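Below is the file final23.txt, which contains compact mmCIF, C-alpha atoms.
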# COMPACT_ATOMS: atom_id res chain seq x y z
CA MET A 235 120.81 59.70 -99.00
CA ALA A 236 119.05 61.35 -101.93
CA THR A 237 116.19 58.82 -101.72
CA THR A 238 115.73 59.40 -97.99
CA LEU A 239 115.75 63.17 -98.47
CA ASN A 240 113.14 62.99 -101.22
CA GLN A 241 110.88 60.70 -99.15
CA LEU A 242 111.08 62.99 -96.12
CA CYS A 243 110.43 66.04 -98.25
CA ARG A 244 107.27 64.46 -99.72
CA SER A 245 106.03 63.45 -96.27
CA VAL A 246 106.55 66.93 -94.85
CA SER A 247 104.90 68.56 -97.87
CA ALA A 248 101.76 66.48 -97.22
CA LEU A 249 101.51 67.95 -93.72
CA SER A 250 101.41 71.49 -95.07
CA HIS A 251 98.43 70.60 -97.37
CA ARG A 252 99.77 72.59 -100.29
CA SER A 253 103.43 73.24 -100.94
CA GLN A 254 105.42 74.68 -103.78
CA HIS A 255 105.23 72.66 -106.97
CA GLN A 256 108.92 71.92 -107.43
CA GLY A 257 110.86 69.25 -109.24
CA LEU A 258 114.00 67.82 -107.77
CA PHE A 259 116.18 70.48 -109.35
CA ASN A 260 113.95 73.56 -109.19
CA PHE A 261 114.94 76.84 -107.59
CA THR A 262 113.06 77.83 -104.48
CA ARG A 263 110.22 80.10 -105.61
CA HIS A 264 108.99 82.47 -102.90
CA ASP A 265 105.93 83.57 -104.90
CA SER A 266 104.38 80.17 -105.58
CA LEU A 267 102.82 79.51 -102.17
CA PRO A 268 99.03 79.88 -101.77
CA SER A 269 98.06 83.38 -100.71
CA ARG A 270 95.88 82.03 -97.91
CA ILE A 271 98.93 80.83 -95.93
CA PRO A 272 101.42 83.74 -96.06
CA ALA A 273 102.95 82.62 -92.76
CA LEU A 274 104.54 79.68 -94.55
CA ARG A 275 106.85 81.92 -96.53
CA SER A 276 110.51 82.24 -95.66
CA THR A 277 110.08 84.03 -92.32
CA THR A 278 113.51 85.67 -92.23
CA ARG A 279 113.36 87.04 -95.75
CA SER A 280 109.77 88.29 -95.33
CA PHE A 281 110.73 90.16 -92.15
CA LEU A 282 113.78 91.71 -93.75
CA ASP A 283 111.82 92.71 -96.84
CA PHE A 284 109.20 94.46 -94.67
CA TYR A 285 111.81 96.03 -92.40
CA GLN A 286 113.80 97.37 -95.36
CA PHE A 287 110.77 98.53 -97.33
CA GLY A 288 112.07 102.10 -97.35
CA ASN A 289 115.65 101.10 -98.06
CA LYS A 290 116.33 101.88 -101.72
CA LYS A 291 119.48 99.77 -101.86
CA ALA A 292 117.68 96.77 -100.38
CA ILE A 293 114.88 97.16 -102.95
CA GLU A 294 117.39 97.42 -105.81
CA ASP A 295 119.25 94.35 -104.56
CA GLU A 296 115.99 92.40 -104.38
CA ARG A 297 115.06 93.44 -107.90
CA ALA A 298 118.46 92.32 -109.16
CA ARG A 299 118.00 89.01 -107.37
CA LEU A 300 114.55 88.44 -108.86
CA ASN A 301 115.90 89.26 -112.30
CA ASP A 302 118.73 86.74 -111.86
CA GLU A 303 116.41 83.99 -110.71
CA MET A 304 113.85 84.68 -113.44
CA ASN A 305 116.53 84.50 -116.12
CA ARG A 306 118.22 81.47 -114.64
CA GLY A 307 116.23 78.42 -113.62
CA TYR A 308 115.74 74.70 -114.03
CA PHE A 309 115.25 74.75 -117.80
CA ALA A 310 118.40 76.80 -118.41
CA ASP A 311 120.38 74.46 -116.17
CA MET A 312 118.94 71.39 -117.88
CA LYS A 313 119.70 72.73 -121.35
CA GLU A 314 123.32 73.28 -120.36
CA PHE A 315 123.48 69.92 -118.63
CA ARG A 316 122.36 68.14 -121.80
CA GLU A 317 125.09 69.92 -123.74
CA HIS A 318 128.03 69.12 -121.46
CA GLY A 319 126.77 66.54 -118.97
CA GLY A 320 127.77 68.70 -116.01
CA LYS A 321 131.31 69.34 -117.25
CA ILE A 322 130.96 73.12 -117.48
CA ALA A 323 134.73 73.48 -117.68
CA ALA A 324 137.86 71.37 -117.49
CA ALA A 325 139.59 71.07 -114.13
CA ASN A 326 142.72 73.12 -113.46
CA LYS A 327 145.85 71.37 -114.66
CA THR A 328 148.07 73.12 -112.14
CA VAL A 329 147.74 74.94 -108.83
CA ILE A 330 146.36 78.47 -108.98
CA PRO A 331 149.07 80.91 -107.75
CA ALA A 332 148.41 82.22 -104.26
CA VAL A 333 148.60 85.86 -105.41
CA SER A 334 145.71 85.39 -107.84
CA ALA A 335 143.67 82.90 -105.78
CA VAL A 336 140.39 84.10 -104.25
CA LYS A 337 139.21 83.43 -100.72
CA PHE A 338 136.45 80.87 -100.26
CA PRO A 339 133.45 82.76 -98.81
CA GLU A 340 132.43 81.91 -95.26
CA LEU A 341 129.80 79.18 -95.26
CA THR A 342 127.91 77.89 -92.23
CA VAL A 343 127.32 74.14 -92.37
CA THR A 344 125.76 71.55 -90.07
CA LEU A 345 127.06 68.06 -89.41
CA SER A 346 124.61 65.14 -89.13
CA ASN A 347 125.07 65.20 -85.33
CA GLY A 348 123.80 68.79 -85.23
CA LYS A 349 127.17 70.45 -84.70
CA VAL A 350 127.62 73.71 -86.62
CA LEU A 351 130.86 74.70 -88.35
CA LYS A 352 131.98 77.58 -90.52
CA LEU A 353 134.05 76.88 -93.60
CA PRO A 354 136.83 77.38 -94.43
CA ILE A 355 138.71 76.34 -91.30
CA THR A 356 141.73 78.62 -90.98
CA SER A 357 143.91 79.92 -88.16
CA SER A 358 141.46 82.80 -87.65
CA SER A 359 138.38 80.55 -87.44
CA SER A 360 136.43 80.71 -84.18
CA GLU A 361 136.20 76.91 -84.14
CA VAL A 362 140.00 76.62 -84.11
CA ASN A 363 140.31 78.94 -81.12
CA ALA A 364 137.31 77.58 -79.18
CA GLU A 365 137.76 73.85 -79.79
CA CYS A 366 141.52 73.69 -80.43
CA LEU A 367 141.00 72.28 -83.92
CA ALA A 368 144.05 71.75 -86.09
CA VAL A 369 144.25 73.98 -89.15
CA PRO A 370 144.43 71.73 -92.24
CA LYS A 371 147.12 72.42 -94.80
CA VAL A 372 144.71 71.46 -97.57
CA THR A 373 140.92 71.08 -97.62
CA LEU A 374 138.86 69.51 -100.39
CA VAL A 375 135.37 71.02 -100.49
CA CYS A 376 132.75 69.35 -102.70
CA LEU A 377 129.57 71.35 -103.35
CA SER A 378 126.31 69.66 -104.32
CA PHE A 379 123.10 71.63 -104.87
CA ARG A 380 120.94 68.80 -106.19
CA ALA A 381 120.82 65.04 -105.61
CA SER A 382 121.82 64.44 -109.24
CA SER A 383 125.37 65.62 -108.52
CA GLN A 384 126.09 63.21 -105.65
CA GLU A 385 127.71 60.62 -107.92
CA MET A 386 129.81 63.37 -109.50
CA ILE A 387 131.07 64.37 -106.06
CA SER A 388 131.98 60.77 -105.24
CA SER A 389 134.07 60.48 -108.41
CA TRP A 390 136.45 63.05 -106.86
CA SER A 391 136.22 62.38 -103.12
CA LYS A 392 136.73 58.60 -103.23
CA PRO A 393 140.13 58.61 -104.99
CA PHE A 394 141.15 61.60 -102.83
CA LEU A 395 140.33 59.63 -99.68
CA GLU A 396 142.06 56.51 -100.98
CA SER A 397 145.25 58.43 -101.78
CA PHE A 398 145.48 60.63 -98.66
CA GLY A 399 143.59 58.58 -96.08
CA ASP A 400 146.61 58.44 -93.74
CA ARG A 401 147.15 62.22 -93.61
CA LYS A 402 146.25 64.27 -90.54
CA ASP A 403 146.82 67.63 -92.21
CA LEU A 404 144.00 67.28 -94.75
CA GLN A 405 140.22 67.66 -94.53
CA LEU A 406 137.43 66.55 -96.84
CA PHE A 407 133.97 68.12 -96.76
CA GLU A 408 131.01 67.14 -98.93
CA VAL A 409 128.49 69.99 -98.68
CA SER A 410 124.86 69.42 -99.62
CA PHE A 411 122.72 72.56 -99.97
CA ILE A 412 119.12 72.26 -98.76
CA ASP A 413 117.18 75.35 -99.81
CA LYS A 414 113.62 74.18 -99.13
CA TRP A 415 112.38 76.47 -96.35
CA LEU A 416 110.30 73.74 -94.72
CA LEU A 417 113.29 71.45 -94.23
CA GLY A 418 115.14 74.31 -92.57
CA LEU A 419 112.65 74.63 -89.70
CA ALA A 420 114.33 73.59 -86.44
CA PRO A 421 112.28 70.46 -85.55
CA ILE A 422 112.20 69.17 -89.11
CA ARG A 423 115.89 69.93 -89.62
CA LYS A 424 116.71 67.96 -86.47
CA LEU A 425 114.66 65.00 -87.71
CA LEU A 426 116.24 65.18 -91.15
CA LEU A 427 119.76 65.18 -89.73
CA ARG A 428 118.92 62.17 -87.59
CA VAL A 429 117.65 60.28 -90.65
CA LEU A 430 120.70 61.22 -92.69
CA GLN A 431 123.18 60.26 -90.00
CA LYS A 432 125.15 57.21 -91.08
CA PRO A 433 127.95 55.19 -89.49
CA LYS A 434 131.43 55.96 -90.71
CA ASN A 435 132.56 53.59 -93.42
CA ASN A 436 136.20 54.65 -93.34
CA GLU A 437 137.00 54.16 -89.65
CA ASN A 438 140.49 52.87 -90.46
CA SER A 439 141.31 56.09 -92.29
CA VAL A 440 142.90 59.04 -90.49
CA LEU A 441 141.34 61.42 -93.00
CA GLN A 442 137.56 61.36 -92.54
CA ARG A 443 134.94 62.16 -95.17
CA GLN A 444 132.70 64.73 -93.50
CA VAL A 445 129.22 65.09 -94.97
CA VAL A 446 127.71 68.44 -93.97
CA TYR A 447 124.58 70.40 -94.88
CA SER A 448 123.91 74.06 -95.57
CA PHE A 449 120.32 75.05 -94.87
CA GLY A 450 118.46 78.05 -96.22
CA ASP A 451 118.94 80.58 -98.97
CA HIS A 452 122.29 80.33 -100.77
CA TYR A 453 121.82 83.03 -103.41
CA HIS A 454 124.56 85.35 -102.16
CA PHE A 455 126.99 82.46 -101.75
CA ARG A 456 126.36 81.43 -105.36
CA LYS A 457 126.81 85.02 -106.55
CA GLU A 458 130.12 85.34 -104.76
CA THR A 459 131.42 82.02 -106.09
CA LYS A 460 129.91 82.63 -109.57
CA ILE A 461 127.97 79.36 -109.49
CA LEU A 462 125.14 79.26 -112.03
CA ASN A 463 124.24 75.67 -112.90
CA LEU A 464 122.81 73.82 -109.90
CA LEU A 465 122.70 70.39 -111.54
CA THR A 466 126.43 69.79 -111.52
CA GLY A 467 129.02 69.35 -108.79
CA TYR A 468 131.75 71.82 -107.84
CA ILE A 469 135.08 70.68 -106.40
CA LEU A 470 137.41 73.16 -104.69
CA LEU A 471 140.85 72.65 -103.20
CA LEU A 472 141.67 75.18 -100.47
CA ASP A 473 145.00 76.00 -98.88
CA LYS A 474 145.48 76.70 -95.15
CA PHE A 475 144.47 80.33 -95.68
CA GLY A 476 141.12 79.34 -97.19
CA LYS A 477 142.07 80.35 -100.72
CA VAL A 478 140.83 78.37 -103.73
CA ARG A 479 143.96 76.90 -105.34
CA TRP A 480 142.32 74.38 -107.69
CA GLN A 481 138.84 73.59 -108.97
CA GLY A 482 136.99 70.91 -110.92
CA PHE A 483 133.46 70.34 -112.18
CA GLY A 484 131.02 67.53 -112.89
CA THR A 485 132.22 63.93 -113.08
CA ALA A 486 135.97 63.40 -112.76
CA THR A 487 137.94 61.87 -115.60
CA PRO A 488 141.01 59.72 -114.78
CA LYS A 489 143.25 62.54 -115.99
CA GLU A 490 141.50 65.09 -113.80
CA VAL A 491 141.75 62.83 -110.75
CA SER A 492 145.49 62.62 -111.40
CA GLN A 493 145.64 66.43 -111.59
CA LEU A 494 143.74 66.76 -108.31
CA LEU A 495 146.07 64.38 -106.50
CA SER A 496 149.15 66.03 -108.00
CA CYS A 497 148.00 69.54 -107.02
CA THR A 498 147.16 68.33 -103.50
CA SER A 499 150.65 66.87 -103.08
CA HIS A 500 152.15 70.12 -104.37
CA LEU A 501 150.21 72.19 -101.84
CA LEU A 502 151.17 69.87 -98.99
CA GLU A 503 154.84 70.25 -99.85
CA ASP A 504 154.55 73.99 -100.39
CA GLN A 505 152.91 74.83 -97.05

Serialized structure, structure tokens:
Amino acid sequence: MATTLNQLCRSVSALSHRSQHQGLFNFTRHDSLPSRIPALRSTTRSFLDFYQFGNKKAIEDERARLNDEMNRGYFADMKEFREHGGKIAAANKTVIPAVSAVKFPELTVTLSNGKVLKLPITSSSSEVNAECLAVPKVTLVCLSFRASSQEMISSWSKPFLESFGDRKDLQLFEVSFIDKWLLGLAPIRKLLLRVLQKPKNNENSVLQRQVVYSFGDHYHFRKETKILNLLTGYILLLDKFGKVRWQGFGTATPKEVSQLLSCTSHLLEDQ
């Protein structure tokens, strides 16, 4: 999938003559486009910035954002990655108590067939009411911001699927964030999703691995979830209320996989 995405991205960049000079893991830089094609900037953000020009709070928020992104970039992420190999912290050994657990922020994602969902799926979700979806007791959400973390994600999701493949009250989402503005344009996004669409390889499993994509700017989501390093993978176990009850990072160790499975079983029994 990562290879296909990179090939498509290079092809699309050629059509726009000059694009941002970004490596695979770079942040999206809004100030690196040629001045002669201002229309190719992020349209939504440019409109909001102009519309809120007189809004002091909006200006202060934008300054804080620019400061964050200037102080935190590819080289800082890479330096950390070399130190810990993506393991920014050890996984939780036990379930986080419900009273101290935080709610997973609402995140709009797109399936490869073009269908749009909002995570987490809880009893109050519009999808549950409109499409009569069952509310899962436990949801494993795997977050990947760069292609380098795909193998890390698989080290958690595969044993999870193997252990709970016969459960109907679980859900597994692998979320890939695509922040390149060009790939978020409607016709290109539709083409990209068609290319990325793959046949299910776990048809005999009740629990399905759902690969979804989040397009566009994800700065505020990262701020709310306190995610800094974009080169590693983030694994979150949610209860039926959408609260984060367990979390892991980077590549799973055998011990951490055991902890994930144990905490999942505990949540299933407890809810």

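One distance worth recording is that between CA of Phe455 (chain A) and CA of Lys352 (chain A), which is 13.2 Å.
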
The distance between CA of Leu472 (chain A) and CA of Asp451 (chain A) is 23.4 Å

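The two atoms in question, CA of His500 (chain A) and CA of Ala486 (chain A), are spaced 19.4 Å apart.
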
Quick one: residues within 8 Å of region 381-388 of chain A, all atoms listed in the file counted, chain neighbours fewer than 6 positions away excluded, as a short mmCIF file (atom, residue, chain, number, x, y, z; two decimals) with C-alpha atoms, keeping the file's coordinate frame?
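So the final result, stored in out_22.cif, reads:
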data_model
loop_
_atom_site.label_atom_id
_atom_site.label_comp_id
_atom_site.auth_asym_id
_atom_site.auth_seq_id
_atom_site.Cartn_x
_atom_site.Cartn_y
_atom_site.Cartn_z
CA ALA A 236 119.05 61.35 -101.93
CA LEU A 258 114.00 67.82 -107.77
CA GLU A 408 131.01 67.14 -98.93
CA LEU A 465 122.70 70.39 -111.54
CA THR A 466 126.43 69.79 -111.52
CA GLY A 467 129.02 69.35 -108.79
CA TYR A 468 131.75 71.82 -107.84
CA ILE A 469 135.08 70.68 -106.40
CA GLY A 484 131.02 67.53 -112.89
CA THR A 485 132.22 63.93 -113.08
CA ALA A 486 135.97 63.40 -112.76
#

*For the point (124.3, 72.4, -101.4) in file coordinates, what residues are within 6 Å, counting all atoms listed in the file? Give the answer as a PyMOL selection string?*
chain A and resi 377-379+409-412

Using only C-alpha atoms, the shortest atom-to-atom distance to Lys460 (chain A) among A:Phe475, A:Ala420, A:Pro339, A:Ala324 belongs to A:Pro339

- Sel. within 7 Å of pt (146.5, 71.3, -97.8), counting all atoms listed in the file, output as a list in words: Pro370, Lys371, Val372, Thr373, Asp403, Leu404, Leu472, Asp473, Lys474, Thr498, Leu501 and Leu502 of chain A

- For Gly418 (chain A), which residue out of A:Cys497, A:Gly450, A:Phe338, A:Phe394 is the nearest one, using all atoms listed in the file?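 Using all atoms listed in the file, the shortest distance to Gly418 (chain A) belongs to A:Gly450.
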
For Ser496 (chain A), the closest of A:Trp415, A:Tyr453, A:Phe398, A:Phe483 counting only C-alpha atoms is A:Phe398

Nearby residues (only C-alpha atoms) at most 7 Å from Gln444 (chain A), same-chain spacing under 2 positions excluded, as a compact mmCIF listing (two decimals) with C-alpha atoms, in the coordinates of the input:
# COMPACT_ATOMS: atom_id res chain seq x y z
CA LEU A 406 137.43 66.55 -96.84
CA PHE A 407 133.97 68.12 -96.76
CA GLU A 408 131.01 67.14 -98.93
CA GLN A 442 137.56 61.36 -92.54
CA VAL A 446 127.71 68.44 -93.97

Judged by only C-alpha atoms, the minimum distance to Ser359 (chain A) among A:Glu340, A:Glu317, A:Glu294, A:Asp400 is found for A:Glu340

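Using all atoms listed in the file, the shortest contact distance between Leu374 (chain A) and any of A:Ser492, A:Ser346, A:Ser439, A:Ser391 is found at A:Ser391.
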
| Option closest in space to Gly320 (chain A), from A:Leu464, A:Leu494, A:Ile422, A:Ser397 [counting only C-alpha atoms] |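 The closest residue to Gly320 (chain A) is A:Leu464.
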